[in-house]
Structure formats: structure tokens, C-alpha cells
>>> print(open('target.tsv').read())   # TSV, C-alpha atoms and all ligand atoms
chain	number	residue	atom	x	y	z
Q	1	VAL	CA	-22.53	-12.76	-43.54
Q	2	VAL	CA	-25.00	-15.06	-45.23
Q	3	VAL	CA	-25.69	-13.39	-48.51
Q	4	PRO	CA	-26.76	-15.79	-51.28
Q	5	LEU	CA	-23.39	-17.51	-51.22
Q	6	PRO	CA	-21.55	-17.01	-47.95
Q	7	GLU	CA	-19.23	-14.04	-48.36
Q	8	LYS	CA	-16.06	-16.11	-48.36
Q	9	ALA	CA	-17.31	-18.48	-51.04
Q	10	LEU	CA	-18.49	-15.60	-53.20
Q	11	ILE	CA	-15.13	-13.83	-52.97
Q	12	ALA	CA	-13.29	-17.05	-53.81
Q	13	LYS	CA	-15.55	-17.53	-56.80
Q	14	LEU	CA	-15.00	-13.95	-57.97
Q	15	ARG	CA	-11.28	-14.32	-57.56
Q	16	ARG	CA	-11.30	-17.37	-59.81
Q	17	LEU	CA	-13.51	-15.60	-62.37
Q	18	VAL	CA	-11.32	-12.52	-62.41
Q	19	SER	CA	-8.00	-14.33	-62.73
Q	20	SER	CA	-9.31	-16.64	-65.43
Q	21	SER	CA	-10.61	-13.65	-67.35
Q	22	ARG	CA	-7.44	-11.61	-66.98
Q	23	GLY	CA	-6.42	-11.94	-70.65
Q	24	GLY	CA	-5.59	-9.04	-72.90
Q	25	LYS	CA	-2.55	-6.84	-72.77
Q	26	ARG	CA	-1.45	-5.13	-69.63
Q	27	SER	CA	-1.89	-1.40	-69.84
Q	28	PRO	CA	1.45	0.40	-70.21
Q	29	LEU	CA	-0.08	3.18	-68.12
Q	30	GLY	CA	-0.48	1.27	-64.90
Q	31	ALA	CA	-0.71	-2.26	-63.59
Q	32	ILE	CA	-2.42	-4.11	-60.78
Q	33	LEU	CA	0.38	-5.76	-58.80
Q	34	THR	CA	-1.98	-7.30	-56.23
Q	35	GLY	CA	-5.73	-7.64	-56.73
Q	36	ILE	CA	-8.45	-9.50	-54.80
Q	37	GLY	CA	-7.21	-11.42	-51.76
Q	38	ASP	CA	-5.10	-9.02	-49.72
Q	39	ASP	CA	-5.95	-6.14	-47.41
Q	40	CYS	CA	-5.44	-3.64	-50.20
Q	41	ALA	CA	-4.97	-3.78	-53.93
Q	42	VAL	CA	-1.52	-2.63	-55.01
Q	43	LEU	CA	-1.45	-0.55	-58.18
Q	44	ASN	CA	1.63	0.61	-60.02
Q	45	LEU	CA	1.21	3.79	-62.01
Q	46	ALA	CA	3.51	4.49	-64.92
Q	47	LYS	CA	5.75	7.55	-64.66
Q	48	GLY	CA	4.21	10.82	-65.75
Q	49	GLN	CA	0.61	9.67	-65.21
Q	50	ASP	CA	-2.06	11.25	-63.03
Q	51	LEU	CA	-4.51	9.02	-61.16
Q	52	LEU	CA	-8.24	9.32	-61.90
Q	53	VAL	CA	-10.75	8.05	-59.34
Q	54	THR	CA	-14.52	8.00	-59.69
Q	55	THR	CA	-17.23	6.44	-57.56
Q	56	ASP	CA	-20.91	5.78	-58.39
Q	57	PHE	CA	-23.84	4.21	-56.60
Q	58	SER	CA	-26.12	1.65	-58.28
Q	59	LEU	CA	-29.11	1.35	-55.96
Q	60	GLU	CA	-32.11	-0.86	-56.50
Q	61	GLY	CA	-35.23	1.25	-56.92
Q	62	ILE	CA	-33.19	4.35	-57.75
Q	63	HIS	CA	-30.88	3.36	-60.61
Q	64	PHE	CA	-32.44	0.05	-61.60
Q	65	ARG	CA	-35.35	-2.20	-60.83
Q	66	ARG	CA	-35.09	-5.96	-60.58
Q	67	ASP	CA	-38.45	-6.36	-62.32
Q	68	TRP	CA	-37.25	-4.17	-65.23
Q	69	HIS	CA	-33.55	-4.87	-65.64
Q	70	PRO	CA	-32.02	-8.29	-66.30
Q	71	PRO	CA	-29.19	-8.94	-63.82
Q	72	ASP	CA	-26.45	-8.79	-66.47
Q	73	SER	CA	-27.75	-5.37	-67.49
Q	74	VAL	CA	-27.55	-4.20	-63.86
Q	75	GLY	CA	-23.92	-5.39	-63.64
Q	76	HIS	CA	-23.04	-3.82	-66.98
Q	77	ARG	CA	-24.66	-0.47	-66.15
Q	78	CYS	CA	-23.08	-0.42	-62.70
Q	79	LEU	CA	-19.60	-0.46	-64.30
Q	80	ALA	CA	-20.53	1.60	-67.36
Q	81	ARG	CA	-21.26	4.59	-65.11
Q	82	GLY	CA	-17.71	4.56	-63.77
Q	83	LEU	CA	-16.02	3.87	-67.10
Q	84	SER	CA	-17.96	6.73	-68.66
Q	85	ASP	CA	-16.59	9.13	-66.05
Q	86	ILE	CA	-13.04	8.02	-66.87
Q	87	ALA	CA	-13.85	8.50	-70.58
Q	88	ALA	CA	-15.07	12.04	-69.88
Q	89	MET	CA	-11.61	12.96	-68.55
Q	90	GLY	CA	-9.87	11.43	-71.58
Q	91	GLY	CA	-8.42	8.74	-69.34
Q	92	THR	CA	-7.66	5.04	-69.48
Q	93	PRO	CA	-9.36	2.81	-66.91
Q	94	ILE	CA	-7.08	0.42	-64.99
Q	95	ALA	CA	-8.85	-1.15	-62.02
Q	96	VAL	CA	-12.36	-1.56	-60.68
Q	97	PHE	CA	-13.51	-1.92	-57.06
Q	98	LEU	CA	-17.01	-2.93	-56.07
Q	99	SER	CA	-18.77	-2.76	-52.74
Q	100	LEU	CA	-21.97	-4.74	-52.93
Q	101	ALA	CA	-24.71	-5.33	-50.38
Q	102	LEU	CA	-27.20	-8.10	-51.20
Q	103	PRO	CA	-30.48	-9.07	-49.52
Q	104	HIS	CA	-30.30	-12.54	-47.95
Q	105	ASP	CA	-33.16	-13.91	-50.04
Q	106	LEU	CA	-31.60	-13.02	-53.40
Q	107	GLU	CA	-31.08	-16.01	-55.67
Q	108	GLN	CA	-27.46	-16.90	-56.38
Q	109	SER	CA	-28.29	-17.05	-60.10
Q	110	TRP	CA	-29.08	-13.33	-60.00
Q	111	VAL	CA	-25.67	-12.63	-58.45
Q	112	ASN	CA	-23.94	-14.82	-61.05
Q	113	ARG	CA	-25.59	-13.01	-63.93
Q	114	PHE	CA	-24.87	-9.62	-62.35
Q	115	PHE	CA	-21.16	-10.46	-62.27
Q	116	SER	CA	-21.22	-11.93	-65.74
Q	117	GLY	CA	-22.54	-8.61	-67.08
Q	118	LEU	CA	-20.01	-6.61	-65.09
Q	119	LEU	CA	-17.02	-8.81	-65.87
Q	120	SER	CA	-17.68	-8.99	-69.59
Q	121	LEU	CA	-17.49	-5.18	-69.68
Q	122	THR	CA	-14.19	-5.28	-67.75
Q	123	ARG	CA	-12.78	-7.63	-70.41
Q	124	LYS	CA	-13.94	-5.37	-73.19
Q	125	HIS	CA	-12.07	-2.44	-71.68
Q	126	ASN	CA	-9.10	-4.41	-70.46
Q	127	VAL	CA	-9.62	-3.51	-66.79
Q	128	ARG	CA	-9.73	-5.83	-63.80
Q	129	LEU	CA	-11.94	-6.13	-60.75
Q	130	ALA	CA	-9.20	-5.62	-58.16
Q	131	GLY	CA	-11.14	-5.61	-54.91
Q	132	GLY	CA	-14.23	-4.59	-53.01
Q	133	ASP	CA	-16.50	-5.69	-50.23
Q	134	ILE	CA	-19.62	-7.81	-49.87
Q	135	ALA	CA	-22.24	-7.44	-47.15
Q	136	GLU	CA	-25.86	-8.22	-46.45
Q	137	SER	CA	-28.40	-5.49	-47.08
Q	138	LEU	CA	-31.68	-5.23	-45.20
Q	139	LYS	CA	-33.49	-4.18	-48.35
Q	140	GLY	CA	-32.56	-4.26	-52.00
Q	141	VAL	CA	-29.31	-4.60	-53.93
Q	142	LEU	CA	-26.87	-1.76	-53.23
Q	143	GLY	CA	-23.72	-1.37	-55.29
Q	144	ASP	CA	-20.97	1.21	-55.16
Q	145	ILE	CA	-18.39	1.04	-57.88
Q	146	VAL	CA	-14.99	2.71	-57.89
Q	147	VAL	CA	-13.05	2.94	-61.13
Q	148	VAL	CA	-9.40	3.97	-61.11
Q	149	GLY	CA	-7.75	5.19	-64.28
Q	150	SER	CA	-4.84	7.19	-65.50
Q	151	VAL	CA	-4.16	10.13	-67.75
Q	152	PRO	CA	-0.88	11.80	-68.74
Q	153	HIS	CA	0.15	14.32	-66.10
Q	154	GLY	CA	-1.80	17.57	-66.39
Q	155	LYS	CA	-3.74	16.41	-69.44
Q	156	ALA	CA	-7.11	15.39	-67.97
Q	157	VAL	CA	-9.92	17.12	-69.90
Q	158	LEU	CA	-11.86	19.15	-67.34
Q	159	ARG	CA	-15.30	20.77	-67.41
Q	160	SER	CA	-13.78	24.19	-66.90
Q	161	GLY	CA	-11.91	24.83	-70.16
Q	162	SER	CA	-14.63	26.13	-72.53
Q	163	ASN	CA	-14.19	29.58	-74.10
Q	164	PRO	CA	-16.72	31.85	-75.83
Q	165	GLY	CA	-16.79	30.95	-79.52
Q	166	ASP	CA	-16.01	27.25	-78.97
Q	167	LYS	CA	-18.25	24.85	-80.82
Q	168	ILE	CA	-20.28	22.30	-78.83
Q	169	TYR	CA	-20.34	18.66	-79.91
Q	170	VAL	CA	-22.01	15.49	-78.73
Q	171	SER	CA	-21.24	11.87	-79.57
Q	172	GLY	CA	-23.80	9.28	-80.62
Q	173	GLU	CA	-27.50	9.94	-80.04
Q	174	LEU	CA	-29.40	11.26	-77.03
Q	175	GLY	CA	-32.62	10.31	-75.27
Q	176	GLY	CA	-32.66	6.55	-75.90
Q	177	SER	CA	-32.18	5.62	-72.27
Q	178	ALA	CA	-34.94	7.86	-70.94
Q	179	ALA	CA	-37.30	6.58	-73.64
Q	180	ALA	CA	-36.76	3.04	-72.34
Q	181	VAL	CA	-37.61	4.14	-68.81
Q	182	ARG	CA	-40.80	5.78	-69.97
Q	183	LYS	CA	-41.73	2.67	-71.91
Q	184	MET	CA	-41.14	0.42	-68.90
Q	185	ARG	CA	-43.10	2.72	-66.64
Q	186	ALA	CA	-46.05	2.57	-69.04
Q	187	GLN	CA	-45.94	-1.23	-69.29
Q	188	LYS	CA	-48.30	-3.41	-67.42
Q	189	ARG	CA	-46.67	-5.68	-64.87
Q	190	GLY	CA	-45.20	-8.78	-66.42
Q	191	THR	CA	-44.96	-7.48	-69.99
Q	192	LYS	CA	-41.44	-7.11	-71.30
Q	193	VAL	CA	-39.56	-4.25	-72.89
Q	194	HIS	CA	-37.12	-5.96	-75.22
Q	195	VAL	CA	-33.51	-5.34	-74.36
Q	196	ARG	CA	-32.39	-5.32	-77.99
Q	197	ASP	CA	-34.85	-2.55	-78.90
Q	198	TYR	CA	-33.43	-0.34	-76.16
Q	199	ALA	CA	-29.81	-1.48	-76.08
Q	200	ARG	CA	-28.50	1.97	-75.21
Q	201	HIS	CA	-30.43	1.83	-71.95
Q	202	PHE	CA	-29.73	-1.75	-70.89
Q	203	PHE	CA	-26.16	-2.04	-72.20
Q	204	PRO	CA	-24.76	1.46	-72.67
Q	205	GLU	CA	-21.32	1.60	-74.25
Q	206	PRO	CA	-19.04	3.99	-72.39
Q	207	ARG	CA	-17.05	6.06	-74.92
Q	208	VAL	CA	-13.63	5.31	-73.48
Q	209	GLU	CA	-11.74	5.13	-76.78
Q	210	LEU	CA	-13.39	8.29	-78.08
Q	211	GLY	CA	-12.48	10.17	-74.90
Q	212	GLN	CA	-8.85	9.15	-75.26
Q	213	ILE	CA	-8.73	10.23	-78.91
Q	214	LEU	CA	-10.28	13.60	-78.09
Q	215	ARG	CA	-7.71	14.13	-75.36
Q	216	GLU	CA	-4.74	12.94	-77.44
Q	217	THR	CA	-5.54	15.11	-80.43
Q	218	ARG	CA	-5.96	18.12	-78.13
Q	219	LEU	CA	-9.15	19.04	-79.91
Q	220	THR	CA	-11.21	19.53	-76.78
Q	221	THR	CA	-11.33	22.41	-74.33
Q	222	ALA	CA	-13.89	20.84	-71.95
Q	223	MET	CA	-15.71	17.52	-71.68
Q	224	ILE	CA	-18.39	15.73	-69.62
Q	225	ASP	CA	-20.34	12.51	-70.04
Q	226	THR	CA	-24.12	12.76	-70.45
Q	227	SER	CA	-25.19	10.90	-67.34
Q	228	ASP	CA	-27.65	13.37	-65.79
Q	229	GLY	CA	-29.22	14.55	-69.05
Q	230	PHE	CA	-27.95	16.87	-71.77
Q	231	SER	CA	-29.42	20.10	-70.33
Q	232	THR	CA	-27.99	19.42	-66.89
Q	233	ASP	CA	-24.62	18.23	-68.18
Q	234	LEU	CA	-24.17	21.23	-70.49
Q	235	ALA	CA	-25.09	23.48	-67.56
Q	236	HIS	CA	-22.23	21.85	-65.60
Q	237	ILE	CA	-19.74	22.76	-68.35
Q	238	CYS	CA	-21.11	26.32	-68.57
Q	239	GLU	CA	-20.99	26.79	-64.83
Q	240	GLU	CA	-17.47	25.43	-64.44
Q	241	SER	CA	-16.21	27.39	-67.46
Q	242	GLY	CA	-18.09	30.61	-66.61
Q	243	VAL	CA	-19.74	30.78	-70.02
Q	244	GLY	CA	-23.15	30.46	-71.68
Q	245	ALA	CA	-24.29	28.39	-74.65
Q	246	GLU	CA	-26.56	28.52	-77.65
Q	247	ILE	CA	-28.02	25.29	-79.03
Q	248	ASP	CA	-29.85	24.57	-82.28
Q	249	SER	CA	-32.54	22.05	-81.34
Q	250	SER	CA	-32.82	20.76	-84.92
Q	251	LEU	CA	-29.19	19.58	-84.73
Q	252	ILE	CA	-29.57	17.47	-81.57
Q	253	PRO	CA	-29.02	13.84	-82.59
Q	254	ARG	CA	-32.03	11.93	-81.31
Q	255	ALA	CA	-31.87	8.23	-80.56
Q	256	ARG	CA	-34.06	5.74	-82.41
Q	257	VAL	CA	-35.72	3.17	-80.17
Q	258	GLY	CA	-38.36	0.49	-80.15
Q	259	LYS	CA	-39.61	-1.78	-82.87
Q	260	PRO	CA	-40.29	-0.53	-85.46
Q	261	SER	CA	-37.73	2.04	-84.39
Q	262	ARG	CA	-38.63	5.70	-84.21
Q	263	GLU	CA	-36.90	8.89	-83.14
Q	264	VAL	CA	-37.40	9.86	-79.49
Q	265	ASP	CA	-39.14	13.13	-78.60
Q	266	LEU	CA	-36.93	16.21	-78.39
Q	267	ASP	CA	-37.59	16.46	-74.65
Q	268	PHE	CA	-35.97	13.06	-74.06
Q	269	SER	CA	-32.86	14.06	-75.99
Q	270	LEU	CA	-32.66	17.40	-74.16
Q	271	HIS	CA	-33.29	16.16	-70.63
Q	272	GLY	CA	-33.16	12.36	-70.50
Q	273	GLY	CA	-30.16	10.97	-68.61
Q	274	GLU	CA	-27.96	7.90	-68.64
Q	275	ASP	CA	-27.03	7.94	-72.31
Q	276	TYR	CA	-23.32	8.00	-71.43
Q	277	GLU	CA	-22.31	9.92	-74.53
Q	278	LEU	CA	-19.57	12.55	-74.48
Q	279	LEU	CA	-20.43	16.24	-74.60
Q	280	PHE	CA	-17.44	18.43	-75.40
Q	281	THR	CA	-16.31	21.77	-76.74
Q	282	ALA	CA	-13.53	22.66	-79.18
Q	283	PRO	CA	-12.16	25.90	-80.64
Q	284	SER	CA	-14.14	26.87	-83.76
Q	285	ALA	CA	-10.99	26.84	-85.92
Q	286	LYS	CA	-10.39	23.13	-85.22
Q	287	ARG	CA	-12.01	20.64	-87.57
Q	288	ILE	CA	-13.72	17.76	-85.77
Q	289	PRO	CA	-14.42	14.70	-87.96
Q	290	GLY	CA	-18.05	13.60	-88.26
Q	291	ARG	CA	-17.01	10.18	-86.93
Q	292	LEU	CA	-14.39	9.26	-84.36
Q	293	ALA	CA	-13.67	5.83	-82.86
Q	294	GLY	CA	-16.64	4.53	-84.82
Q	295	VAL	CA	-19.00	7.00	-83.13
Q	296	ARG	CA	-20.97	9.78	-84.82
Q	297	ILE	CA	-19.99	13.30	-83.72
Q	298	THR	CA	-22.48	16.16	-84.14
Q	299	GLN	CA	-21.98	19.89	-83.71
Q	300	ILE	CA	-25.05	21.24	-81.96
Q	301	GLY	CA	-24.23	24.78	-80.95
Q	302	ARG	CA	-21.64	27.12	-79.58
Q	303	ILE	CA	-20.35	28.57	-76.35
Q	304	THR	CA	-21.26	32.20	-75.69
Q	305	ARG	CA	-20.13	34.97	-73.41
Q	306	GLY	CA	-22.28	35.55	-70.34
Q	307	HIS	CA	-24.50	32.87	-68.89
Q	308	GLY	CA	-27.59	30.82	-69.59
Q	309	ILE	CA	-28.25	28.19	-72.23
Q	310	PHE	CA	-30.51	29.23	-75.11
Q	311	VAL	CA	-32.18	26.96	-77.64
Q	312	ARG	CA	-32.97	28.09	-81.15
Q	313	ASN	CA	-35.27	26.31	-83.52
Q	314	ALA	CA	-36.60	27.04	-86.97
Q	315	LYS	CA	-39.86	28.42	-85.61
Q	316	GLY	CA	-38.91	31.41	-83.57
Q	317	PRO	CA	-36.68	33.26	-81.16
Q	318	ALA	CA	-34.32	31.51	-78.81
Q	319	SER	CA	-35.74	30.36	-75.49
Q	320	GLU	CA	-33.80	29.61	-72.36
Q	321	LEU	CA	-33.11	25.94	-71.64
Q	322	HIS	CA	-33.36	25.21	-67.95
Q	323	PRO	CA	-31.53	22.16	-66.73
Q	324	ARG	CA	-34.05	19.51	-65.82
Q	325	GLY	CA	-32.33	16.71	-63.99
Q	326	TRP	CA	-32.66	13.05	-64.53
Q	327	GLU	CA	-35.64	11.44	-62.90
Q	328	HIS	CA	-34.73	8.14	-61.39
Q	329	PHE	CA	-36.89	5.04	-61.28
Q	330	ARG	CA	-39.04	6.03	-58.35
Q	331	SER	CA	-42.52	6.80	-59.51
W	401	MG	MG	-19.69	12.14	-65.23
>>> encode(input="target.tsv", output="C-alpha cells")
Amino acid sequence: VVVPLPEKALIAKLRRLVSSSRGGKRSPLGAILTGIGDDCAVLNLAKGQDLLVTTDFSLEGIHFRRDWHPPDSVGHRCLARGLSDIAAMGGTPIAVFLSLALPHDLEQSWVNRFFSGLLSLTRKHNVRLAGGDIAESLKGVLGDIVVVGSVPHGKAVLRSGSNPGDKIYVSGELGGSAAAVRKMRAQKRGTKVHVRDYARHFFPEPRVELGQILRETRLTTAMIDTSDGFSTDLAHICEESGVGAEIDSSLIPRARVGKPSREVDLDFSLHGGEDYELLFTAPSAKRIPGRLAGVRITQIGRITRGHGIFVRNAKGPASELHPRGWEHFRS
């Protein structure tokens, strides 16, 4: 296969990059015995751990655009999606696998920067790229990432554990990622949306440490990461738990974006996706700190009997919040 670098050369290069960046402590929860270079990776899970596996596409034109996203952002976001899913279970990521198809006319410098974004996030979370596949694509960059993690046996935080009366919390701020997409869509060709003004979109920080703390302290009854958009993700929890919810729209923490920075519209924080925050519920008697793992935690409503999600605001009666999914980058 003649992708930018011939497949063999690219794999050799990646293998060097990965082994030179190994660093950090080995997780006591599981170890990679054999990584890139054999027919399979060999993973050793510690006793008493359950295996977590998540897989996510990153497709050019759907999840990113090469004219909008710098290559290191594409690599970072590709992995962040998977790490965020592990975080939402309260797990610890161990190994990453990437299948990548590249158009033959893609510059090698793009590929290098893609991997530099992806690998620097692996170092930050002490995980290793342990295998994958590379092929030529007929059109566009197509990535599929698999992240493997572990969680103590039976302790994964599911979507299905919410009970009526539980309080609903969200980490960080919502809507920043969608606001960046709207901004880029409105831009004329060739003008730039500055990465640093919309960091949450270009370099989202998966809340892995927060997820682990929430699981360890047994504060949470259900959890999900906000990848599709708050309204859709809360609907997933309600559906899986067989409950409803009531939200106070004035409590929703809205992201600040742009320069000078300003709060995003409520609609972005309610429906915009790809913020990769954690949305979770906890019994009302439990006290949740306003900050955990360096991240702001906000109570925004409570779980109710029955079904449907209702939003209250200062102005009037509650109205039903219908999940409106995440629009991707297709216009
Ligand atoms: Mg998820």
C-alpha cells in the first residue's frame, strides 16, 4: 500500500515513536506485554479487573475537516473520543489501537502531525498505542480508534443506575465545541478560527481522572460522557434507567469562547455535542464537592419518576426538552 509513507515504513516509524515515548509508570491494573509488531497485542489484566472496550470512528467530512482542523487536533480528538468513553465508565485506559486509512496524495507532514497530537495525549494518560492497521483510502482520512481499559470487577458506572430523586450533575462547561463549529461554518474560506480561543473543541480534555474519582467514591449511580450533546446524552441515561428528569436551564454551565470571550447561547449548551464532559447522577443525600480533579461540578437538576425531560427557567412553566442530536460537519 502506498500511503504517504509506504505502510511498512510508517509502522516502523510509529513503533519507534511509541517505544521511545513509553515513559511513565506502568498501570498496576493491566500491562501491554506485546505491542506493535506481532500478529496481536498481548495484554495482561490484573486480577479482579473487568475489561472495557470502546470503538469510535473519526471520519473526514463527518467528524473533522482538513481545512478546519489542524492535524494534531484531529489526532488528539480521535483519541479523546475513546478516552472519554472509558472515563464515563469510571475506568482506567490501558491500550489504544488505531485503524487508519489515508488518501495516497496526503502529505507525510500531515500524518506526522496527526500522530504527534494523538501520541501526546497517550503520554498524558499513560496509555500506549499497542497496534492497529494502515491502508489506503479512496477518499478522505478515515480513522477508527479502539481504547481498552479496566475497571474493578462489577464496578463500572453504567447508564442504567439512576433513581428518582437523584441529583443530576455535569462537569466543566457545555456548548463550547458546537460554538466553534458554528464559527467555522460562518467563516469565509481561508480565514482562521483560532485554536486557543476554542480549545475545548480542538483539544478536548477527556475527564479520565474525574471519572475514576466518581467511581471510587461511590458517589454516582449513573454516568455518560457528553459526546452527542447534553439533551441526547441525558435522554440516554433516562432511557436506560427508566426515569425522567427535570433541569433548571439557569444552572447549566455554559462555556465561554472566542476573543473577547463570551458565554455561548443556551441552545449550544443544551444540544451541542463533543464537549466530552461527564454527566452523572448521585443520591440527593450525598454531598458532591463543587470541584473534583480540578474540574468544576454543577448540579443542574434532578431525576424524576416517569419519563420525559423537562426544563424549567425563571420565566414560566416547565417545557419538555427533546433530544436534538449532534449535527456533524456536513453542511
Ligand atoms: Mg460515550
>>> closest_residue(input="target.tsv", among="Q:Pro4, Q:Gly154, Q:Gly172, Q:Gly161", to="Q:Glu107", atoms="only C-alpha atoms")
Q:Pro4
>>> closest_residue(input="target.tsv", among="Q:Gly82, Q:Pro70, Q:Gly175, Q:Gly316", to="Q:Leu121", atoms="only C-alpha atoms")
Q:Gly82
>>> residues_around(input="target.tsv", residues="Q:Glu173", least_positions_apart="5", cutoff="10 Å", atoms="all atoms listed in the file", output="ChimeraX atom specification")
/Q:200,252-256,263-264,269,275-277,295-298
>>> atom_distance(input="target.tsv", atom1="atom CA of Q:Tyr169", atom2="atom CA of Q:Asn313")
17.2 Å
>>> atom_distance(input="target.tsv", atom1="atom CA of Q:Ser171", atom2="atom CA of Q:Arg262")
19.0 Å
>>> closest_residue(input="target.tsv", among="Q:Asp50, Q:Glu7, Q:Glu239, Q:Asp56", to="ligand MG 401 (chain W)", atoms="all atoms listed in the file")
Q:Asp56
>>> closest_atom_pairs(input="target.tsv", of="chain Q", to="ligand MG 401 (chain W)", cutoff="7 Å", atoms="all atoms listed in the file", output="tab-separated table")
residue	atom	partner	partner_atom	distance
Q:Ser84	CA	W:MG401	MG	6.6
Q:Asp85	CA	W:MG401	MG	4.4
Q:Ala88	CA	W:MG401	MG	6.6
Q:Ile224	CA	W:MG401	MG	5.8
Q:Asp225	CA	W:MG401	MG	4.9
Q:Thr226	CA	W:MG401	MG	6.9
Q:Ser227	CA	W:MG401	MG	6.0
>>> closest_residue(input="target.tsv", among="Q:Ala179, Q:Leu45, Q:Leu106, Q:Val148", to="Q:Arg66", atoms="only C-alpha atoms")
Q:Leu106
>>> closest_residue(input="target.tsv", among="Q:Glu320, Q:Asp144, Q:Glu136, Q:Glu240", to="Q:Cys78", atoms="only C-alpha atoms")
Q:Asp144
>>> residues_around(input="target.tsv", residues="Q:Pro152", least_positions_apart="2", cutoff="12 Å", atoms="only C-alpha atoms", output="list in words")
Pro28, Leu29, Gly30, Leu45, Ala46, Lys47, Gly48, Gln49, Asp50, Leu51, Leu52, Met89, Gly90, Gly91, Thr92, Gly149, Ser150, Gly154, Lys155, Ala156, Val157, Gln212, Arg215 and Glu216 of chain Q
>>> closest_residue(input="target.tsv", among="Q:Ala199, Q:Arg65, Q:Ile247, Q:Leu43", to="Q:Gly131", atoms="all atoms listed in the file")
Q:Leu43
>>> atom_distance(input="target.tsv", atom1="atom CA of Q:Arg312", atom2="atom CA of Q:Ser177")
24.2 Å
>>> residues_around(input="target.tsv", residues="Q:Leu14", least_positions_apart="2", cutoff="10 Å", atoms="only C-alpha atoms", output="PDB file with C-alpha atoms, in the coordinates of the input")
ATOM      1  CA  LYS Q   8     -16.060 -16.110 -48.360  1.00  0.00           C
ATOM      2  CA  ALA Q   9     -17.310 -18.480 -51.040  1.00  0.00           C
ATOM      3  CA  LEU Q  10     -18.490 -15.600 -53.200  1.00  0.00           C
ATOM      4  CA  ILE Q  11     -15.130 -13.830 -52.970  1.00  0.00           C
ATOM      5  CA  ALA Q  12     -13.290 -17.050 -53.810  1.00  0.00           C
ATOM      6  CA  ARG Q  16     -11.300 -17.370 -59.810  1.00  0.00           C
ATOM      7  CA  LEU Q  17     -13.510 -15.600 -62.370  1.00  0.00           C
ATOM      8  CA  VAL Q  18     -11.320 -12.520 -62.410  1.00  0.00           C
ATOM      9  CA  SER Q  19      -8.000 -14.330 -62.730  1.00  0.00           C
ATOM     10  CA  SER Q  20      -9.310 -16.640 -65.430  1.00  0.00           C
ATOM     11  CA  ILE Q  36      -8.450  -9.500 -54.800  1.00  0.00           C
ATOM     12  CA  ASN Q 112     -23.940 -14.820 -61.050  1.00  0.00           C
ATOM     13  CA  PHE Q 115     -21.160 -10.460 -62.270  1.00  0.00           C
ATOM     14  CA  LEU Q 119     -17.020  -8.810 -65.870  1.00  0.00           C
ATOM     15  CA  LEU Q 129     -11.940  -6.130 -60.750  1.00  0.00           C
ATOM     16  CA  GLY Q 131     -11.140  -5.610 -54.910  1.00  0.00           C
TER      17      GLY Q 131
END
>>> residues_around(input="target.tsv", residues="Q:Phe57", least_positions_apart="3", cutoff="10 Å", atoms="all atoms listed in the file", output="JSON, numbers by chain")
{"Q": [60, 62, 63, 78, 79, 81, 82, 98, 99, 100, 142, 143, 144, 145, 146]}
>>> residues_near_point(input="target.tsv", point="(-9.3, -2.6, -71.5)", cutoff="8 Å", atoms="only C-alpha atoms", output="list in words")
Gly24, Ser27, Pro93, Ile94, Thr122, Arg123, Lys124, His125, Asn126 and Val127 of chain Q
>>> build_atoms(input="target.tsv", residues="stretch 106-121 of chain Q", atoms="N, CA and C atoms", output="PDB file, in the frame of the given file")
ATOM      1  N   LEU Q 106     -31.883 -13.150 -51.962  1.00  0.00           N
ATOM      2  CA  LEU Q 106     -31.600 -13.020 -53.400  1.00  0.00           C
ATOM      3  C   LEU Q 106     -31.069 -14.342 -53.937  1.00  0.00           C
ATOM      4  N   GLU Q 107     -31.561 -14.748 -55.113  1.00  0.00           N
ATOM      5  CA  GLU Q 107     -31.080 -16.010 -55.670  1.00  0.00           C
ATOM      6  C   GLU Q 107     -29.636 -15.851 -56.138  1.00  0.00           C
ATOM      7  N   GLN Q 108     -28.850 -16.923 -55.942  1.00  0.00           N
ATOM      8  CA  GLN Q 108     -27.460 -16.900 -56.380  1.00  0.00           C
ATOM      9  C   GLN Q 108     -27.364 -16.708 -57.894  1.00  0.00           C
ATOM     10  N   SER Q 109     -28.353 -17.206 -58.637  1.00  0.00           N
ATOM     11  CA  SER Q 109     -28.290 -17.050 -60.100  1.00  0.00           C
ATOM     12  C   SER Q 109     -28.340 -15.572 -60.493  1.00  0.00           C
ATOM     13  N   TRP Q 110     -29.049 -14.767 -59.722  1.00  0.00           N
ATOM     14  CA  TRP Q 110     -29.080 -13.330 -60.000  1.00  0.00           C
ATOM     15  C   TRP Q 110     -27.676 -12.746 -59.830  1.00  0.00           C
ATOM     16  N   VAL Q 111     -27.024 -13.139 -58.729  1.00  0.00           N
ATOM     17  CA  VAL Q 111     -25.670 -12.630 -58.450  1.00  0.00           C
ATOM     18  C   VAL Q 111     -24.710 -13.064 -59.555  1.00  0.00           C
ATOM     19  N   ASN Q 112     -24.820 -14.323 -59.974  1.00  0.00           N
ATOM     20  CA  ASN Q 112     -23.940 -14.820 -61.050  1.00  0.00           C
ATOM     21  C   ASN Q 112     -24.110 -14.012 -62.322  1.00  0.00           C
ATOM     22  N   ARG Q 113     -25.346 -13.751 -62.668  1.00  0.00           N
ATOM     23  CA  ARG Q 113     -25.590 -13.010 -63.930  1.00  0.00           C
ATOM     24  C   ARG Q 113     -25.179 -11.552 -63.793  1.00  0.00           C
ATOM     25  N   PHE Q 114     -25.349 -10.988 -62.610  1.00  0.00           N
ATOM     26  CA  PHE Q 114     -24.870  -9.620 -62.350  1.00  0.00           C
ATOM     27  C   PHE Q 114     -23.373  -9.545 -62.649  1.00  0.00           C
ATOM     28  N   PHE Q 115     -22.615 -10.483 -62.076  1.00  0.00           N
ATOM     29  CA  PHE Q 115     -21.160 -10.460 -62.270  1.00  0.00           C
ATOM     30  C   PHE Q 115     -20.784 -10.789 -63.706  1.00  0.00           C
ATOM     31  N   SER Q 116     -21.571 -11.631 -64.361  1.00  0.00           N
ATOM     32  CA  SER Q 116     -21.220 -11.930 -65.740  1.00  0.00           C
ATOM     33  C   SER Q 116     -21.363 -10.684 -66.620  1.00  0.00           C
ATOM     34  N   GLY Q 117     -22.390  -9.869 -66.361  1.00  0.00           N
ATOM     35  CA  GLY Q 117     -22.540  -8.610 -67.080  1.00  0.00           C
ATOM     36  C   GLY Q 117     -21.408  -7.636 -66.783  1.00  0.00           C
ATOM     37  N   LEU Q 118     -21.060  -7.541 -65.494  1.00  0.00           N
ATOM     38  CA  LEU Q 118     -20.010  -6.610 -65.090  1.00  0.00           C
ATOM     39  C   LEU Q 118     -18.640  -7.042 -65.612  1.00  0.00           C
ATOM     40  N   LEU Q 119     -18.356  -8.348 -65.483  1.00  0.00           N
ATOM     41  CA  LEU Q 119     -17.020  -8.810 -65.870  1.00  0.00           C
ATOM     42  C   LEU Q 119     -16.822  -8.804 -67.382  1.00  0.00           C
ATOM     43  N   SER Q 120     -17.899  -9.017 -68.145  1.00  0.00           N
ATOM     44  CA  SER Q 120     -17.680  -8.990 -69.590  1.00  0.00           C
ATOM     45  C   SER Q 120     -17.361  -7.560 -70.046  1.00  0.00           C
ATOM     46  N   LEU Q 121     -17.877  -6.560 -69.345  1.00  0.00           N
ATOM     47  CA  LEU Q 121     -17.490  -5.180 -69.680  1.00  0.00           C
ATOM     48  C   LEU Q 121     -16.049  -4.872 -69.243  1.00  0.00           C
TER      49      LEU Q 121
END
